[in-house]
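*Asks:* Contents are mmCIF, C-alpha atoms and all ligand atoms; file name input_11.cif:
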```
data_input
loop_
_atom_site.group_PDB
_atom_site.id
_atom_site.type_symbol
_atom_site.label_atom_id
_atom_site.label_comp_id
_atom_site.auth_asym_id
_atom_site.auth_seq_id
_atom_site.Cartn_x
_atom_site.Cartn_y
_atom_site.Cartn_z
ATOM 1 C CA MET A 237 81.448 107.549 114.230
ATOM 2 C CA SER A 238 83.754 109.023 111.556
ATOM 3 C CA GLU A 239 87.403 109.759 112.311
ATOM 4 C CA PRO A 240 89.171 112.829 110.828
ATOM 5 C CA LEU A 241 89.830 112.476 107.115
ATOM 6 C CA PRO A 242 93.560 112.554 106.213
ATOM 7 C CA ALA A 243 94.513 115.936 104.668
ATOM 8 C CA GLU A 244 95.390 114.511 101.236
ATOM 9 C CA LEU A 245 91.939 112.909 100.867
ATOM 10 C CA GLN A 246 90.206 116.018 102.218
ATOM 11 C CA VAL A 247 91.954 118.248 99.672
ATOM 12 C CA GLY A 248 91.158 115.802 96.853
ATOM 13 C CA LEU A 249 87.463 115.880 97.761
ATOM 14 C CA GLU A 250 87.464 119.686 97.972
ATOM 15 C CA ARG A 251 89.137 120.087 94.579
ATOM 16 C CA SER A 252 86.692 117.720 92.871
ATOM 17 C CA ALA A 253 83.600 119.087 94.636
ATOM 18 C CA THR A 254 81.998 120.645 91.544
ATOM 19 C CA ARG A 255 82.477 117.534 89.376
ATOM 20 C CA ARG A 256 81.591 114.673 91.683
ATOM 21 C CA GLY A 257 77.987 115.766 92.363
ATOM 22 C CA ARG A 258 76.649 113.937 95.400
ATOM 23 C CA PHE A 259 79.372 111.267 95.323
ATOM 24 C CA GLY A 260 81.325 111.693 98.556
ATOM 25 C CA GLU A 261 78.563 113.481 100.500
ATOM 26 C CA PRO A 262 78.712 112.631 103.321
ATOM 27 C CA VAL A 263 82.066 110.933 103.789
ATOM 28 C CA VAL A 264 82.936 108.642 106.691
ATOM 29 C CA PHE A 265 86.556 107.641 107.397
ATOM 30 C CA PHE A 266 88.015 104.833 109.528
ATOM 31 C CA THR A 267 91.686 104.182 110.272
ATOM 32 C CA GLU A 268 90.655 100.523 110.356
ATOM 33 C CA THR A 269 87.411 98.725 109.693
ATOM 34 C CA THR A 270 86.255 95.244 108.710
ATOM 35 C CA SER A 271 85.077 96.105 105.195
ATOM 36 C CA THR A 272 84.022 99.489 103.810
ATOM 37 C CA ASN A 273 81.274 97.649 101.893
ATOM 38 C CA ASP A 274 79.806 96.449 105.211
ATOM 39 C CA MET A 275 80.049 99.921 106.714
ATOM 40 C CA ALA A 276 78.424 101.510 103.662
ATOM 41 C CA ALA A 277 75.603 98.912 103.774
ATOM 42 C CA ALA A 278 75.048 99.694 107.467
ATOM 43 C CA LEU A 279 74.904 103.411 106.638
ATOM 44 C CA ALA A 280 72.484 102.738 103.778
ATOM 45 C CA GLU A 281 70.221 100.738 106.113
ATOM 46 C CA ALA A 282 70.291 103.719 108.481
ATOM 47 C CA GLY A 283 69.130 105.991 105.636
ATOM 48 C CA ALA A 284 72.379 107.365 104.197
ATOM 49 C CA PRO A 285 71.761 109.203 100.910
ATOM 50 C CA ASP A 286 72.789 108.312 97.383
ATOM 51 C CA GLY A 287 76.518 109.033 97.067
ATOM 52 C CA ALA A 288 77.460 108.496 100.729
ATOM 53 C CA LEU A 289 81.103 107.395 100.867
ATOM 54 C CA VAL A 290 83.016 105.197 103.309
ATOM 55 C CA LEU A 291 86.817 105.236 103.256
ATOM 56 C CA ALA A 292 89.296 103.263 105.338
ATOM 57 C CA ALA A 293 93.066 103.279 105.709
ATOM 58 C CA ALA A 294 92.958 99.519 106.404
ATOM 59 C CA GLN A 295 90.426 96.687 106.273
ATOM 60 C CA THR A 296 90.601 93.527 108.358
ATOM 61 C CA CYS A 297 88.009 91.603 106.289
ATOM 62 C CA GLY A 298 88.213 93.261 102.860
ATOM 63 C CA ARG A 299 86.563 91.056 100.255
ATOM 64 C CA GLY A 300 86.659 90.725 96.501
ATOM 65 C CA ARG A 301 84.607 88.989 93.835
ATOM 66 C CA LEU A 302 83.769 85.300 94.157
ATOM 67 C CA GLY A 303 84.235 85.382 97.934
ATOM 68 C CA ARG A 304 87.943 86.126 97.748
ATOM 69 C CA HIS A 305 89.845 88.034 100.429
ATOM 70 C CA TRP A 306 91.001 91.543 99.443
ATOM 71 C CA SER A 307 94.308 92.216 101.141
ATOM 72 C CA SER A 308 94.055 95.729 102.627
ATOM 73 C CA PRO A 309 97.229 96.696 104.536
ATOM 74 C CA SER A 310 97.236 100.022 106.341
ATOM 75 C CA GLY A 311 97.981 103.014 104.115
ATOM 76 C CA ALA A 312 98.831 100.852 101.084
ATOM 77 C CA GLY A 313 95.581 101.312 99.189
ATOM 78 C CA LEU A 314 92.442 103.255 98.608
ATOM 79 C CA TYR A 315 89.601 101.242 100.145
ATOM 80 C CA ALA A 316 86.301 102.912 99.330
ATOM 81 C CA SER A 317 82.578 102.144 99.104
ATOM 82 C CA VAL A 318 79.736 104.302 97.808
ATOM 83 C CA VAL A 319 75.998 103.936 98.395
ATOM 84 C CA ILE A 320 74.090 104.010 95.095
ATOM 85 C CA ARG A 321 70.346 104.549 95.301
ATOM 86 C CA GLN A 322 69.833 105.196 91.585
ATOM 87 C CA VAL A 323 69.002 101.533 91.139
ATOM 88 C CA SER A 324 67.972 101.958 87.509
ATOM 89 C CA ALA A 325 71.732 102.193 86.887
ATOM 90 C CA ALA A 326 72.281 98.732 88.427
ATOM 91 C CA PRO A 327 72.470 96.431 85.362
ATOM 92 C CA LEU A 328 75.674 97.967 84.001
ATOM 93 C CA LEU A 329 76.937 99.436 87.264
ATOM 94 C CA THR A 330 79.989 97.220 87.686
ATOM 95 C CA LEU A 331 81.155 97.899 84.134
ATOM 96 C CA ALA A 332 80.536 101.625 84.643
ATOM 97 C CA ALA A 333 82.510 101.542 87.885
ATOM 98 C CA GLY A 334 85.398 99.839 86.079
ATOM 99 C CA VAL A 335 85.370 102.676 83.554
ATOM 100 C CA ALA A 336 85.276 105.306 86.331
ATOM 101 C CA VAL A 337 88.213 103.724 88.185
ATOM 102 C CA ALA A 338 90.302 103.204 85.036
ATOM 103 C CA ASP A 339 89.654 106.703 83.686
ATOM 104 C CA GLY A 340 90.117 108.221 87.160
ATOM 105 C CA VAL A 341 93.552 106.622 87.461
ATOM 106 C CA ARG A 342 94.419 107.694 83.904
ATOM 107 C CA SER A 343 93.464 111.315 84.389
ATOM 108 C CA ALA A 344 94.971 111.704 87.888
ATOM 109 C CA THR A 345 98.281 109.951 87.110
ATOM 110 C CA GLY A 346 98.680 109.465 83.348
ATOM 111 C CA LEU A 347 99.150 105.689 83.796
ATOM 112 C CA SER A 348 97.624 103.742 80.864
ATOM 113 C CA VAL A 349 95.593 101.180 82.759
ATOM 114 C CA CYS A 350 93.139 98.800 81.083
ATOM 115 C CA ILE A 351 90.117 96.761 82.158
ATOM 116 C CA LYS A 352 89.940 92.977 82.181
ATOM 117 C CA TRP A 353 86.386 91.612 82.136
ATOM 118 C CA PRO A 354 84.362 92.150 84.163
ATOM 119 C CA ASN A 355 86.070 94.935 86.087
ATOM 120 C CA ASP A 356 89.671 94.216 87.051
ATOM 121 C CA ILE A 357 91.844 97.279 86.541
ATOM 122 C CA ILE A 358 95.155 96.070 85.207
ATOM 123 C CA VAL A 359 98.491 97.382 84.010
ATOM 124 C CA PRO A 360 99.471 95.661 80.763
ATOM 125 C CA ASP A 361 103.086 94.677 80.221
ATOM 126 C CA GLU A 362 104.437 96.504 77.134
ATOM 127 C CA VAL A 363 107.087 93.844 76.490
ATOM 128 C CA MET A 364 105.039 90.703 77.219
ATOM 129 C CA PRO A 365 101.444 91.568 76.246
ATOM 130 C CA GLY A 366 100.026 88.446 77.883
ATOM 131 C CA ARG A 367 101.465 89.416 81.257
ATOM 132 C CA ARG A 368 99.416 91.850 83.270
ATOM 133 C CA ARG A 369 99.252 92.904 86.885
ATOM 134 C CA LYS A 370 96.175 93.849 88.841
ATOM 135 C CA LEU A 371 96.007 97.378 90.213
ATOM 136 C CA ALA A 372 92.407 97.631 91.388
ATOM 137 C CA GLY A 373 89.086 95.818 91.576
ATOM 138 C CA VAL A 374 85.408 96.653 91.944
ATOM 139 C CA LEU A 375 82.800 94.840 94.032
ATOM 140 C CA ALA A 376 79.113 95.765 93.688
ATOM 141 C CA GLU A 377 76.707 94.308 96.263
ATOM 142 C CA GLY A 378 72.974 94.939 96.079
ATOM 143 C CA SER A 379 70.350 94.846 98.797
ATOM 144 C CA ALA A 380 66.956 93.690 97.563
ATOM 145 C CA GLY A 381 63.552 93.127 99.144
ATOM 146 C CA ALA A 382 60.055 92.197 98.075
ATOM 147 C CA ARG A 383 59.780 95.454 96.122
ATOM 148 C CA GLY A 384 63.056 94.958 94.252
ATOM 149 C CA LEU A 385 66.503 96.436 94.627
ATOM 150 C CA HIS A 386 66.823 98.995 97.451
ATOM 151 C CA TYR A 387 70.396 100.144 96.908
ATOM 152 C CA VAL A 388 73.779 98.968 95.709
ATOM 153 C CA VAL A 389 77.062 99.355 97.572
ATOM 154 C CA LEU A 390 79.853 99.902 95.093
ATOM 155 C CA GLY A 391 83.265 99.165 96.586
ATOM 156 C CA PHE A 392 86.629 99.673 94.977
ATOM 157 C CA GLY A 393 90.088 98.791 96.172
ATOM 158 C CA LEU A 394 93.108 100.354 94.505
ATOM 159 C CA ASN A 395 96.727 99.569 95.364
ATOM 160 C CA LEU A 396 98.557 102.844 95.982
ATOM 161 C CA ARG A 397 101.972 101.629 97.088
ATOM 162 C CA PRO A 398 103.952 98.393 97.550
ATOM 163 C CA ALA A 399 103.055 96.475 100.702
ATOM 164 C CA PRO A 400 103.880 93.102 102.238
ATOM 165 C CA TYR A 401 101.119 91.242 100.411
ATOM 166 C CA PRO A 402 100.801 87.446 100.735
ATOM 167 C CA PRO A 403 102.976 85.775 98.023
ATOM 168 C CA GLU A 404 100.006 84.675 95.864
ATOM 169 C CA VAL A 405 98.770 88.296 95.758
ATOM 170 C CA ALA A 406 102.239 89.839 95.294
ATOM 171 C CA ALA A 407 102.867 87.673 92.222
ATOM 172 C CA ARG A 408 99.992 89.208 90.263
ATOM 173 C CA ALA A 409 99.475 92.617 91.853
ATOM 174 C CA THR A 410 101.005 96.020 91.310
ATOM 175 C CA SER A 411 100.528 99.501 92.754
ATOM 176 C CA LEU A 412 100.401 103.024 91.360
ATOM 177 C CA GLU A 413 103.635 104.073 93.052
ATOM 178 C CA ALA A 414 105.453 100.918 91.921
ATOM 179 C CA GLU A 415 104.409 101.628 88.323
ATOM 180 C CA LEU A 416 105.113 105.358 88.355
ATOM 181 C CA GLY A 417 108.155 105.450 90.649
ATOM 182 C CA ARG A 418 106.866 108.490 92.526
ATOM 183 C CA HIS A 419 104.463 109.540 95.244
ATOM 184 C CA VAL A 420 100.851 109.458 94.138
ATOM 185 C CA ASP A 421 98.266 111.880 95.521
ATOM 186 C CA ALA A 422 95.503 109.544 96.760
ATOM 187 C CA GLY A 423 93.081 112.468 97.100
ATOM 188 C CA ALA A 424 93.497 113.437 93.452
ATOM 189 C CA VAL A 425 92.863 109.839 92.351
ATOM 190 C CA LEU A 426 89.808 109.572 94.609
ATOM 191 C CA GLY A 427 88.423 112.881 93.315
ATOM 192 C CA GLU A 428 88.790 111.762 89.690
ATOM 193 C CA ILE A 429 87.186 108.369 90.349
ATOM 194 C CA LEU A 430 84.197 109.925 92.135
ATOM 195 C CA SER A 431 83.791 112.471 89.313
ATOM 196 C CA GLY A 432 83.827 109.606 86.801
ATOM 197 C CA LEU A 433 81.268 107.678 88.855
ATOM 198 C CA ASN A 434 79.031 110.730 88.939
ATOM 199 C CA GLU A 435 79.156 110.992 85.149
ATOM 200 C CA GLN A 436 78.680 107.256 84.566
ATOM 201 C CA VAL A 437 75.849 106.690 87.042
ATOM 202 C CA THR A 438 73.982 109.809 85.916
ATOM 203 C CA ARG A 439 74.197 108.576 82.327
ATOM 204 C CA LEU A 440 73.063 105.027 83.167
ATOM 205 C CA ALA A 441 70.165 106.242 85.298
ATOM 206 C CA ALA A 442 69.032 108.302 82.284
ATOM 207 C CA GLY A 443 69.084 105.145 80.159
ATOM 208 C CA GLN A 444 72.138 106.223 78.159
ATOM 209 C CA HIS A 445 74.091 102.967 78.138
ATOM 210 C CA ALA A 446 75.836 103.309 74.799
ATOM 211 C CA LEU A 447 78.619 105.664 75.869
ATOM 212 C CA THR A 448 79.486 103.541 78.919
ATOM 213 C CA LEU A 449 79.666 100.397 76.785
ATOM 214 C CA GLN A 450 81.720 102.196 74.133
ATOM 215 C CA ARG A 451 84.234 103.470 76.698
ATOM 216 C CA TRP A 452 84.422 100.071 78.445
ATOM 217 C CA ARG A 453 85.160 98.381 75.101
ATOM 218 C CA ALA A 454 87.902 100.903 74.334
ATOM 219 C CA LEU A 455 89.533 100.290 77.721
ATOM 220 C CA ALA A 456 89.365 96.478 77.503
ATOM 221 C CA PRO A 457 91.375 95.201 74.517
ATOM 222 C CA SER A 458 91.602 91.692 76.021
ATOM 223 C CA ALA A 459 87.832 91.297 75.613
ATOM 224 C CA ASN A 460 88.525 90.668 71.925
ATOM 225 C CA GLY A 461 90.732 88.034 70.355
ATOM 226 C CA ALA A 462 92.299 86.647 73.556
ATOM 227 C CA ARG A 463 92.496 82.968 74.542
ATOM 228 C CA VAL A 464 90.542 82.236 77.706
ATOM 229 C CA GLU A 465 89.464 79.315 79.837
ATOM 230 C CA TRP A 466 86.454 78.955 82.131
ATOM 231 C CA THR A 467 84.525 76.187 83.798
ATOM 232 C CA VAL A 468 80.935 75.030 83.369
ATOM 233 C CA HIS A 469 79.733 72.330 85.792
ATOM 234 C CA PHE A 470 83.372 71.412 86.587
ATOM 235 C CA ARG A 471 84.148 71.053 82.856
ATOM 236 C CA PRO A 472 86.931 73.343 81.604
ATOM 237 C CA LEU A 473 86.128 75.158 78.336
ATOM 238 C CA ARG A 474 88.429 77.205 76.118
ATOM 239 C CA GLY A 475 87.808 79.828 73.475
ATOM 240 C CA ILE A 476 88.648 83.215 72.013
ATOM 241 C CA THR A 477 87.031 86.359 73.414
ATOM 242 C CA ALA A 478 84.614 88.086 71.028
ATOM 243 C CA GLY A 479 83.698 91.278 72.897
ATOM 244 C CA ILE A 480 80.888 92.018 75.344
ATOM 245 C CA ASP A 481 77.227 92.247 74.474
ATOM 246 C CA ASP A 482 75.032 95.182 75.462
ATOM 247 C CA ASP A 483 74.166 93.485 78.780
ATOM 248 C CA GLY A 484 77.850 93.315 79.708
ATOM 249 C CA ALA A 485 78.200 89.546 79.206
ATOM 250 C CA LEU A 486 81.514 88.315 77.783
ATOM 251 C CA ARG A 487 81.176 86.585 74.406
ATOM 252 C CA VAL A 488 83.585 83.738 73.707
ATOM 253 C CA ARG A 489 83.940 81.862 70.410
ATOM 254 C CA THR A 490 84.397 78.101 70.880
ATOM 255 C CA GLU A 491 84.283 75.476 68.134
ATOM 256 C CA GLY A 492 82.048 77.523 65.865
ATOM 257 C CA ARG A 493 79.659 78.717 68.601
ATOM 258 C CA ILE A 494 79.472 81.850 70.700
ATOM 259 C CA GLU A 495 79.158 81.257 74.446
ATOM 260 C CA ARG A 496 77.901 84.017 76.732
ATOM 261 C CA ILE A 497 79.548 84.338 80.147
ATOM 262 C CA VAL A 498 77.631 86.468 82.642
ATOM 263 C CA ALA A 499 79.541 85.787 85.854
ATOM 264 C CA GLY A 500 82.232 83.639 87.393
ATOM 265 C CA GLU A 501 85.911 83.132 86.872
ATOM 266 C CA VAL A 502 87.541 83.464 83.449
ATOM 267 C CA THR A 503 91.269 82.855 83.066
ATOM 268 C CA TRP A 504 93.227 84.633 80.324
ATOM 269 C CA LEU A 505 95.761 82.146 78.890
HETATM 270 C C1 LIG B 601 87.838 92.257 93.162
HETATM 271 O O1 LIG B 601 88.601 92.582 92.256
HETATM 272 O O2 LIG B 601 87.683 91.068 93.468
HETATM 273 C C2 LIG B 601 87.062 93.327 93.884
HETATM 274 C C3 LIG B 601 87.832 93.906 95.037
HETATM 275 C C4 LIG B 601 87.080 94.989 95.787
HETATM 276 C C5 LIG B 601 87.793 95.419 97.038
HETATM 277 C C6 LIG B 601 87.163 96.626 97.654
HETATM 278 S S1 LIG B 601 88.179 97.387 98.880
HETATM 279 C C7 LIG B 601 86.862 98.398 99.363
HETATM 280 C C8 LIG B 601 85.612 97.550 99.356
HETATM 281 N N1 LIG B 601 85.473 96.837 100.598
HETATM 282 C C9 LIG B 601 85.580 95.524 100.439
HETATM 283 O O3 LIG B 601 85.493 94.674 101.364
HETATM 284 N N2 LIG B 601 85.778 95.229 99.153
HETATM 285 C C10 LIG B 601 85.815 96.419 98.327
#
```
Hey, can you dump this file as structure tokens for me?
Ligand code: BTN
*Replies:*
Amino acid sequence: MSEPLPAELQVGLERSATRRGRFGEPVVFFTETTSTNDMAAALAEAGAPDGALVLAAAQTCGRGRLGRHWSSPSGAGLYASVVIRQVSAAPLLTLAAGVAVADGVRSATGLSVCIKWPNDIIVPDEVMPGRRRKLAGVLAEGSAGARGLHYVVLGFGLNLRPAPYPPEVAARATSLEAELGRHVDAGAVLGEILSGLNEQVTRLAAGQHALTLQRWRALAPSANGARVEWTVHFRPLRGITAGIDDDGALRVRTEGRIERIVAGEVTWL
């Protein structure tokens, strides 16, 4: 079912083999698929182990949070999904994955990316701090039954190089090569992200949440003191971010109260 893995990705997996634990074992690659999350879920249903990885050069039905389409042109991004069976890690898994992607990009390329709640990986604009462009995103999808959560598929999409994105995406997206002005080794980035995931998930499964939360907070300056807007029952609300709580919910100060946002769309103003 798998096609041959491109050499750059193969080398990246080999070089990170001692640090990524079971993340990336086995690995399945497609030149094109619908969605790596769907493929990883199908593999999980067929018994694939914790850490099994699906990669694609292109996705025809890539999806993001809140039912959005994730534009996935051929060769322009890293489109990856991992099967996670350590379900005790689930409550903070998306935040942990954001940390792994952000730190993976930082250590493989030196680019100072940040996180925007809950797990958008963004490149801040040094000159206009309010302006930021999205580099990557994380989508965690669980499969549950009568006996609880069976597994989670953790997908991440990372823009590697400029591509003919639809105008609404192009206006707010960026890529590693556009930011750095040089070729980026996708295998090295993948290896670092998987190594970070290994560290994060192992920690969470052992009940050690504090370090993940601490690192997330350090990588997400806009979770504190930024003006945001969100909607409750079609009513727009505004406030100032006041950090995340230990469950990963965003706290927002509005008219003397603290609101807790657990999901949904928040717009930074
Ligand atoms: C978001 O920011 O909304 C999350 C985007 C997640 C996209 C990735 S690409 C690989 C995996 N397969 C998908 O269909 N989605 C995720």
*Asks:* What is the atom CA of Gly484 of chain A-atom CA of Arg368 of chain A distance in Å, reported with one decimal?
*Replies:* 21.9 Å
*Asks:* Calculate, to one decimal in Å, the centre and edge lengths of the box along x, y and z of the file that holds all listed atoms of ligand LIG 601 (chain B) with 6 Å of margin on each side, and present them as JSON.
*Replies:*
```
{"center_x": 87.0, "center_y": 94.7, "center_z": 96.8, "size_x": 15.1, "size_y": 19.3, "size_z": 21.1}
```
*Asks:* For the provided coordinates, the residues matched by the PyMOL selection byres (((chain A and resi 356) around 7) and not hetatm) should be stated as a count of residues only.
*Replies:* 11
*Asks:* Nearest residue to Ala441 of chain A out of A:Gly346, A:Gly475, A:Gly287, A:Pro327, using all atoms listed in the file?
*Replies:*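 Ranked by minimum distance to Ala441 of chain A, first place goes to A:Pro327.
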*Asks:* Would you write out, as a list in words, every residue that the PyMOL selection byres (((chain A and resi 505) around 8) and not hetatm) captures in this file?
*Replies:*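 With the shown file as input, the PyMOL selection byres (((chain A and resi 505) around 8) and not hetatm) matches Gly366, Ala462, Arg463, Val464, Glu465, Thr503 and Trp504 of chain A.
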*Asks:* Mind dumping the selected residues with C-alpha atoms as an mmCIF file, in the frame of the given file?
*Replies:*
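Dumped to selection-v3.cif:
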```
data_model
loop_
_atom_site.group_PDB
_atom_site.id
_atom_site.type_symbol
_atom_site.label_atom_id
_atom_site.label_comp_id
_atom_site.auth_asym_id
_atom_site.auth_seq_id
_atom_site.Cartn_x
_atom_site.Cartn_y
_atom_site.Cartn_z
ATOM 1 C CA GLY A 366 100.026 88.446 77.883
ATOM 2 C CA ALA A 462 92.299 86.647 73.556
ATOM 3 C CA ARG A 463 92.496 82.968 74.542
ATOM 4 C CA VAL A 464 90.542 82.236 77.706
ATOM 5 C CA GLU A 465 89.464 79.315 79.837
ATOM 6 C CA THR A 503 91.269 82.855 83.066
ATOM 7 C CA TRP A 504 93.227 84.633 80.324
#
```
*Asks:* Please write the residues picked by the PyMOL selection byres (((chain A and resi 443) around 12) and not hetatm) on this file as a ChimeraX atom specification.
*Replies:* /A:322-328,436-442,444-448
*Asks:* Take the residues that were just selected and, keeping C-alpha atoms, output them as a PDB file, in the frame of the given file.
*Replies:*
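The result, written out as part.pdb:
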```
ATOM      1  CA  GLN A 322      69.833 105.196  91.585  1.00  0.00           C
ATOM      2  CA  VAL A 323      69.002 101.533  91.139  1.00  0.00           C
ATOM      3  CA  SER A 324      67.972 101.958  87.509  1.00  0.00           C
ATOM      4  CA  ALA A 325      71.732 102.193  86.887  1.00  0.00           C
ATOM      5  CA  ALA A 326      72.281  98.732  88.427  1.00  0.00           C
ATOM      6  CA  PRO A 327      72.470  96.431  85.362  1.00  0.00           C
ATOM      7  CA  LEU A 328      75.674  97.967  84.001  1.00  0.00           C
ATOM      8  CA  GLN A 436      78.680 107.256  84.566  1.00  0.00           C
ATOM      9  CA  VAL A 437      75.849 106.690  87.042  1.00  0.00           C
ATOM     10  CA  THR A 438      73.982 109.809  85.916  1.00  0.00           C
ATOM     11  CA  ARG A 439      74.197 108.576  82.327  1.00  0.00           C
ATOM     12  CA  LEU A 440      73.063 105.027  83.167  1.00  0.00           C
ATOM     13  CA  ALA A 441      70.165 106.242  85.298  1.00  0.00           C
ATOM     14  CA  ALA A 442      69.032 108.302  82.284  1.00  0.00           C
ATOM     15  CA  GLN A 444      72.138 106.223  78.159  1.00  0.00           C
ATOM     16  CA  HIS A 445      74.091 102.967  78.138  1.00  0.00           C
ATOM     17  CA  ALA A 446      75.836 103.309  74.799  1.00  0.00           C
ATOM     18  CA  LEU A 447      78.619 105.664  75.869  1.00  0.00           C
ATOM     19  CA  THR A 448      79.486 103.541  78.919  1.00  0.00           C
TER      20      THR A 448
END
```
*Asks:* Contacts of Phe259 of chain A at 8 Å or less, counting all atoms listed in the file, minus same-chain residues fewer than 5 places along, as a PyMOL selection string?
*Replies:* chain A and resi 286-289+318+430-431+433-434
*Asks:* May I ask you to write as a PyMOL selection string all residues lying at most 10 Å from ligand LIG 601 (chain B), with only C-alpha atoms and all ligand atoms counted?
*Replies:* chain A and resi 269-276+290-292+294-308+313-318+354-357+370-377+389-395
*Asks:* In Å, with one decimal, what is the gap from atom CA of Pro309 of chain A to atom CA of Ala399 of chain A?
*Replies:*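 Between atom CA of Pro309 of chain A and atom CA of Ala399 of chain A the gap is 7.0 Å.
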*Asks:* Mind dumping segment 331-337 of chain A from that block, keeping all heavy atoms, as a PDB file, in the first residue's frame?
*Replies:*
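New file out_12.pdb:
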```
ATOM      1  N   LEU A 331      -2.336  20.656  22.546  1.00  0.00           N
ATOM      2  CA  LEU A 331      -1.354  21.663  22.974  1.00  0.00           C
ATOM      3  C   LEU A 331       0.057  21.091  22.880  1.00  0.00           C
ATOM      4  O   LEU A 331       0.992  21.757  22.416  1.00  0.00           O
ATOM      5  CB  LEU A 331      -1.618  22.117  24.414  1.00  0.00           C
ATOM      6  CG  LEU A 331      -2.893  22.879  24.721  1.00  0.00           C
ATOM      7  CD1 LEU A 331      -2.790  23.512  26.114  1.00  0.00           C
ATOM      8  CD2 LEU A 331      -3.199  23.953  23.712  1.00  0.00           C
ATOM      9  N   ALA A 332       0.209  19.828  23.302  1.00  0.00           N
ATOM     10  CA  ALA A 332       1.532  19.189  23.254  1.00  0.00           C
ATOM     11  C   ALA A 332       2.023  19.082  21.814  1.00  0.00           C
ATOM     12  O   ALA A 332       3.214  19.273  21.531  1.00  0.00           O
ATOM     13  CB  ALA A 332       1.457  17.811  23.893  1.00  0.00           C
ATOM     14  N   ALA A 333       1.102  18.794  20.897  1.00  0.00           N
ATOM     15  CA  ALA A 333       1.504  18.685  19.491  1.00  0.00           C
ATOM     16  C   ALA A 333       1.929  20.048  18.958  1.00  0.00           C
ATOM     17  O   ALA A 333       2.887  20.152  18.173  1.00  0.00           O
ATOM     18  CB  ALA A 333       0.346  18.133  18.663  1.00  0.00           C
ATOM     19  N   GLY A 334       1.233  21.106  19.384  1.00  0.00           N
ATOM     20  CA  GLY A 334       1.649  22.456  18.987  1.00  0.00           C
ATOM     21  C   GLY A 334       3.064  22.749  19.447  1.00  0.00           C
ATOM     22  O   GLY A 334       3.881  23.307  18.702  1.00  0.00           O
ATOM     23  N   VAL A 335       3.377  22.342  20.677  1.00  0.00           N
ATOM     24  CA  VAL A 335       4.731  22.541  21.205  1.00  0.00           C
ATOM     25  C   VAL A 335       5.739  21.747  20.369  1.00  0.00           C
ATOM     26  O   VAL A 335       6.801  22.255  19.995  1.00  0.00           O
ATOM     27  CB  VAL A 335       4.802  22.103  22.693  1.00  0.00           C
ATOM     28  CG1 VAL A 335       6.239  22.053  23.176  1.00  0.00           C
ATOM     29  CG2 VAL A 335       3.980  23.042  23.559  1.00  0.00           C
ATOM     30  N   ALA A 336       5.392  20.488  20.056  1.00  0.00           N
ATOM     31  CA  ALA A 336       6.330  19.635  19.298  1.00  0.00           C
ATOM     32  C   ALA A 336       6.584  20.218  17.907  1.00  0.00           C
ATOM     33  O   ALA A 336       7.729  20.230  17.422  1.00  0.00           O
ATOM     34  CB  ALA A 336       5.772  18.221  19.188  1.00  0.00           C
ATOM     35  N   VAL A 337       5.532  20.721  17.256  1.00  0.00           N
ATOM     36  CA  VAL A 337       5.723  21.281  15.908  1.00  0.00           C
ATOM     37  C   VAL A 337       6.533  22.578  15.997  1.00  0.00           C
ATOM     38  O   VAL A 337       7.498  22.773  15.245  1.00  0.00           O
ATOM     39  CB  VAL A 337       4.360  21.516  15.204  1.00  0.00           C
ATOM     40  CG1 VAL A 337       4.570  22.229  13.870  1.00  0.00           C
ATOM     41  CG2 VAL A 337       3.631  20.191  14.977  1.00  0.00           C
TER      42      VAL A 337
END
```
